[in-house]
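Asker: My questions will all concern the structure given below.
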Amino acid sequence: VKIPKNYPEYTTRRVHVAEWVYGEKLAQSTADDVLDLVNVGVVTYLTQLLGEGFFHADPHPGNMIRTPDGQLCILDFGLMTEVTDDQKYGMIEAIVHLINRDYTDIGQDFKNLDFIPADVDVEPIIPALTRVFDAALAGGGAKSINFN
C-alpha cells in the first residue's frame with residue numbers, strides 16, 4: 001500500500017497538500033490484480049480504523065488508484081478523525097449484530113456510539129432498521145435502500 005507523503009507546512013484548514021502519485025483509478029483499471037487490491041484496501045481501511053484508531057472520512061473509489069508497479073495507493077487524507085477504543089469496540093459490536101441480523105441490538109449500538117441520544121426509545125425504529133439493513137444485505141448496497 002502506498003500512502004502519499006503529506007506536506008503539513010503547505011497544508012491549511014481548506015487545502016491538503018500531498019505527494020503526487022501516478023496511477024489509474026482502481027475502479028477504471030483493467031489490470032488482473034484489481035480484485036486483490038480491493039481486498040487489500042478493505043483490510044487497510046479496517047486496520048486503520050479498528051487497529052490504529054484513525055477514520056478516513058472520504059473512502060470513495062476516486063481516492064484509490066493502482067500505481068504502475070501494482071500497488072494500491074490511497075489518496076486524500078484531508079478528512080480524518082481519531083476513534084476512541086470505546087468507539088472501535090462499539091463498531092465491532094454493531095458489525096457483529098448486523099451480520100447476525102440482530103437489529104434490536106443495533107439500536108442499542110447506535111446509542112452506545114452516540115448516533116442516537118441515550119434517552120431515546122429505539123423500539124419504534126427497529127422495524128425501519130430491519131427493512132433498511134435487510135435491503136442492504138440482500139445486495140445492491142446503498143442504491144437498493146429506500147431512504148423514505
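Scheme for the C-alpha cells: letters A, B, ... for chains in order shown; per-chain residue numbers from 1; ligand numbers from 1 in order shown.
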Produce a table with one row for each residue of range 71-131 of chain A that has an atom at most 10 Å from any atom of range 4-19 of chain A, each row naming the nearest atom pair and its distance in Å at one decimal; use only C-alpha atoms; arrange rows by chain and rising residue number; format as JSON lines.

Answerer:
```
{"residue": "A:Cys73", "atom": "CA", "partner": "A:Pro4", "partner_atom": "CA", "distance": 7.6}
{"residue": "A:Ile74", "atom": "CA", "partner": "A:Pro4", "partner_atom": "CA", "distance": 7.7}
{"residue": "A:Leu75", "atom": "CA", "partner": "A:Pro4", "partner_atom": "CA", "distance": 6.9}
{"residue": "A:Asp76", "atom": "CA", "partner": "A:His16", "partner_atom": "CA", "distance": 7.7}
{"residue": "A:Phe77", "atom": "CA", "partner": "A:His16", "partner_atom": "CA", "distance": 7.7}
{"residue": "A:Gly78", "atom": "CA", "partner": "A:His16", "partner_atom": "CA", "distance": 5.6}
{"residue": "A:Leu79", "atom": "CA", "partner": "A:His16", "partner_atom": "CA", "distance": 9.2}
```

Asker: With C-alpha atoms kept, could you save the residues just selected as an mmCIF file, in the first residue's frame?

Answerer:
```cif
data_model
loop_
_atom_site.group_PDB
_atom_site.id
_atom_site.type_symbol
_atom_site.label_atom_id
_atom_site.label_comp_id
_atom_site.auth_asym_id
_atom_site.auth_seq_id
_atom_site.Cartn_x
_atom_site.Cartn_y
_atom_site.Cartn_z
ATOM 1 C CA CYS A 73 -2.431 3.972 -3.342
ATOM 2 C CA ILE A 74 -4.948 5.592 -1.003
ATOM 3 C CA LEU A 75 -5.407 9.317 -1.544
ATOM 4 C CA ASP A 76 -6.904 12.337 0.201
ATOM 5 C CA PHE A 77 -6.331 12.164 3.924
ATOM 6 C CA GLY A 78 -7.814 15.645 4.330
ATOM 7 C CA LEU A 79 -10.856 14.368 6.219
#
```

Asker: Please indicate the distance in Å from CA of Glu52 in chain A to CA of Asp114 in chain A, rounded to one decimal place.

Answerer: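 Atom-to-atom, CA of Glu52 in chain A and CA of Asp114 in chain A are spaced 20.6 Å apart.
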
Asker: Just want the 12 Å neighbourhood of range 57-67 of chain A, counted on only C-alpha atoms, with same-chain residues fewer than 3 positions away dropped. Output as a ChimeraX atom specification.

Answerer: /A:1-4,20-38,40-42,44-46,48-49,54,70-83

Asker: Next, the residues of the selection above should be written as an mmCIF file, in the first residue's frame with C-alpha atoms.

Answerer:
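The resulting file, result_7.cif, is shown below:
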```cif
data_model
loop_
_atom_site.group_PDB
_atom_site.id
_atom_site.type_symbol
_atom_site.label_atom_id
_atom_site.label_comp_id
_atom_site.auth_asym_id
_atom_site.auth_seq_id
_atom_site.Cartn_x
_atom_site.Cartn_y
_atom_site.Cartn_z
ATOM 1 C CA VAL A 1 0.000 0.000 0.000
ATOM 2 C CA LYS A 2 1.307 3.423 -0.955
ATOM 3 C CA ILE A 3 0.368 6.458 1.127
ATOM 4 C CA PRO A 4 1.424 9.804 -0.377
ATOM 5 C CA TRP A 20 1.723 13.390 -6.428
ATOM 6 C CA VAL A 21 1.372 9.685 -7.201
ATOM 7 C CA TYR A 22 0.943 8.380 -10.735
ATOM 8 C CA GLY A 23 -1.610 5.682 -11.380
ATOM 9 C CA GLU A 24 -5.046 4.831 -12.655
ATOM 10 C CA LYS A 25 -8.282 4.891 -10.720
ATOM 11 C CA LEU A 26 -8.819 1.467 -9.249
ATOM 12 C CA ALA A 27 -12.451 1.442 -10.422
ATOM 13 C CA GLN A 28 -11.332 2.037 -14.020
ATOM 14 C CA SER A 29 -8.318 -0.266 -14.083
ATOM 15 C CA THR A 30 -8.383 -3.347 -16.308
ATOM 16 C CA ALA A 31 -5.385 -4.945 -14.544
ATOM 17 C CA ASP A 32 -5.714 -8.551 -13.424
ATOM 18 C CA ASP A 33 -4.966 -7.721 -9.788
ATOM 19 C CA VAL A 34 -7.768 -5.189 -9.166
ATOM 20 C CA LEU A 35 -9.857 -7.563 -7.015
ATOM 21 C CA ASP A 36 -6.769 -8.363 -4.938
ATOM 22 C CA LEU A 37 -6.128 -4.634 -4.471
ATOM 23 C CA VAL A 38 -9.763 -4.088 -3.440
ATOM 24 C CA VAL A 40 -6.051 -5.064 0.336
ATOM 25 C CA GLY A 41 -7.975 -1.790 0.560
ATOM 26 C CA VAL A 42 -10.673 -3.290 2.780
ATOM 27 C CA THR A 44 -6.142 -1.485 5.128
ATOM 28 C CA TYR A 45 -9.191 0.632 5.999
ATOM 29 C CA LEU A 46 -10.277 -1.794 8.737
ATOM 30 C CA GLN A 48 -6.559 1.895 10.094
ATOM 31 C CA LEU A 49 -9.968 2.217 11.749
ATOM 32 C CA PHE A 54 -7.989 6.646 12.601
ATOM 33 C CA GLY A 70 0.843 -2.651 -8.923
ATOM 34 C CA GLN A 71 0.497 -1.029 -5.511
ATOM 35 C CA LEU A 72 -2.751 0.257 -4.060
ATOM 36 C CA CYS A 73 -2.431 3.972 -3.342
ATOM 37 C CA ILE A 74 -4.948 5.592 -1.003
ATOM 38 C CA LEU A 75 -5.407 9.317 -1.544
ATOM 39 C CA ASP A 76 -6.904 12.337 0.201
ATOM 40 C CA PHE A 77 -6.331 12.164 3.924
ATOM 41 C CA GLY A 78 -7.814 15.645 4.330
ATOM 42 C CA LEU A 79 -10.856 14.368 6.219
ATOM 43 C CA MET A 80 -9.584 12.281 9.126
ATOM 44 C CA THR A 81 -10.558 11.816 12.734
ATOM 45 C CA GLU A 82 -9.400 9.723 15.646
ATOM 46 C CA VAL A 83 -11.564 6.924 17.000
#
```

Asker: May I ask for the distance between CA of Ile116 in chain A and CA of Ile99 in chain A, given in Å to one decimal place?

Answerer: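 So the answer is 20.7 Å.
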
Asker: Quick one: pick out all helix (DSSP H, G or I) residues within chain A from a backbone DSSP run and write them as a CSV table (one decimal) with C-alpha atoms, in the first residue's frame.

Answerer:
```csv
chain,number,residue,atom,x,y,z
A,26,LEU,CA,-8.8,1.5,-9.2
A,27,ALA,CA,-12.5,1.4,-10.4
A,28,GLN,CA,-11.3,2.0,-14.0
A,34,VAL,CA,-7.8,-5.2,-9.2
A,35,LEU,CA,-9.9,-7.6,-7.0
A,36,ASP,CA,-6.8,-8.4,-4.9
A,37,LEU,CA,-6.1,-4.6,-4.5
A,38,VAL,CA,-9.8,-4.1,-3.4
A,39,ASN,CA,-9.3,-6.7,-0.7
A,40,VAL,CA,-6.1,-5.1,0.3
A,41,GLY,CA,-8.0,-1.8,0.6
A,42,VAL,CA,-10.7,-3.3,2.8
A,43,VAL,CA,-8.1,-4.8,5.1
A,44,THR,CA,-6.1,-1.5,5.1
A,45,TYR,CA,-9.2,0.6,6.0
A,46,LEU,CA,-10.3,-1.8,8.7
A,47,THR,CA,-6.7,-1.9,10.2
A,48,GLN,CA,-6.6,1.9,10.1
A,49,LEU,CA,-10.0,2.2,11.7
A,50,LEU,CA,-10.1,-0.6,14.2
A,51,GLY,CA,-6.4,-1.2,14.8
A,52,GLU,CA,-4.8,2.3,14.7
A,61,PRO,CA,-13.3,4.8,-5.4
A,62,GLY,CA,-11.8,8.0,-6.7
A,63,ASN,CA,-9.5,8.1,-3.7
A,85,ASP,CA,-11.3,2.5,21.9
A,86,ASP,CA,-15.0,2.6,23.1
A,87,GLN,CA,-16.0,3.6,19.5
A,88,LYS,CA,-13.9,0.9,18.0
A,89,TYR,CA,-15.5,-1.8,20.2
A,90,GLY,CA,-18.9,-0.2,19.5
A,91,MET,CA,-18.4,-0.5,15.8
A,92,ILE,CA,-17.2,-4.1,16.1
A,93,GLU,CA,-20.3,-4.9,18.1
A,94,ALA,CA,-22.6,-3.2,15.6
A,95,ILE,CA,-20.9,-5.2,12.7
A,96,VAL,CA,-21.5,-8.4,14.6
A,97,HIS,CA,-25.1,-7.6,15.2
A,98,LEU,CA,-25.6,-6.6,11.6
A,99,ILE,CA,-24.0,-9.8,10.3
A,103,TYR,CA,-31.4,-5.4,14.7
A,104,THR,CA,-32.7,-4.9,18.2
A,105,ASP,CA,-29.2,-4.8,19.5
A,106,ILE,CA,-28.1,-2.4,16.7
A,107,GLY,CA,-30.5,0.2,18.1
A,108,GLN,CA,-28.5,-0.1,21.4
A,109,ASP,CA,-25.2,0.0,19.5
A,110,PHE,CA,-26.3,3.3,17.9
A,111,LYS,CA,-26.9,4.7,21.4
A,112,ASN,CA,-23.5,3.4,22.6
A,123,GLU,CA,-38.1,0.2,19.9
A,124,PRO,CA,-40.1,2.2,17.3
A,125,ILE,CA,-37.2,2.4,14.9
A,126,ILE,CA,-36.4,-1.3,14.9
A,127,PRO,CA,-38.8,-2.1,12.1
A,128,ALA,CA,-37.3,0.6,9.9
A,129,LEU,CA,-33.8,-0.6,10.7
A,130,THR,CA,-34.8,-4.1,9.8
A,131,ARG,CA,-36.1,-3.0,6.4
A,132,VAL,CA,-33.1,-0.9,5.6
A,133,PHE,CA,-30.5,-3.4,6.7
A,134,ASP,CA,-32.3,-6.4,5.1
A,135,ALA,CA,-32.4,-4.5,1.8
A,136,ALA,CA,-28.7,-3.6,2.1
A,137,LEU,CA,-27.7,-7.2,3.0
A,141,GLY,CA,-25.7,-1.8,-1.3
A,142,ALA,CA,-27.0,1.8,-0.6
A,143,LYS,CA,-28.6,2.0,-4.1
A,144,SER,CA,-31.2,-0.6,-3.0
```
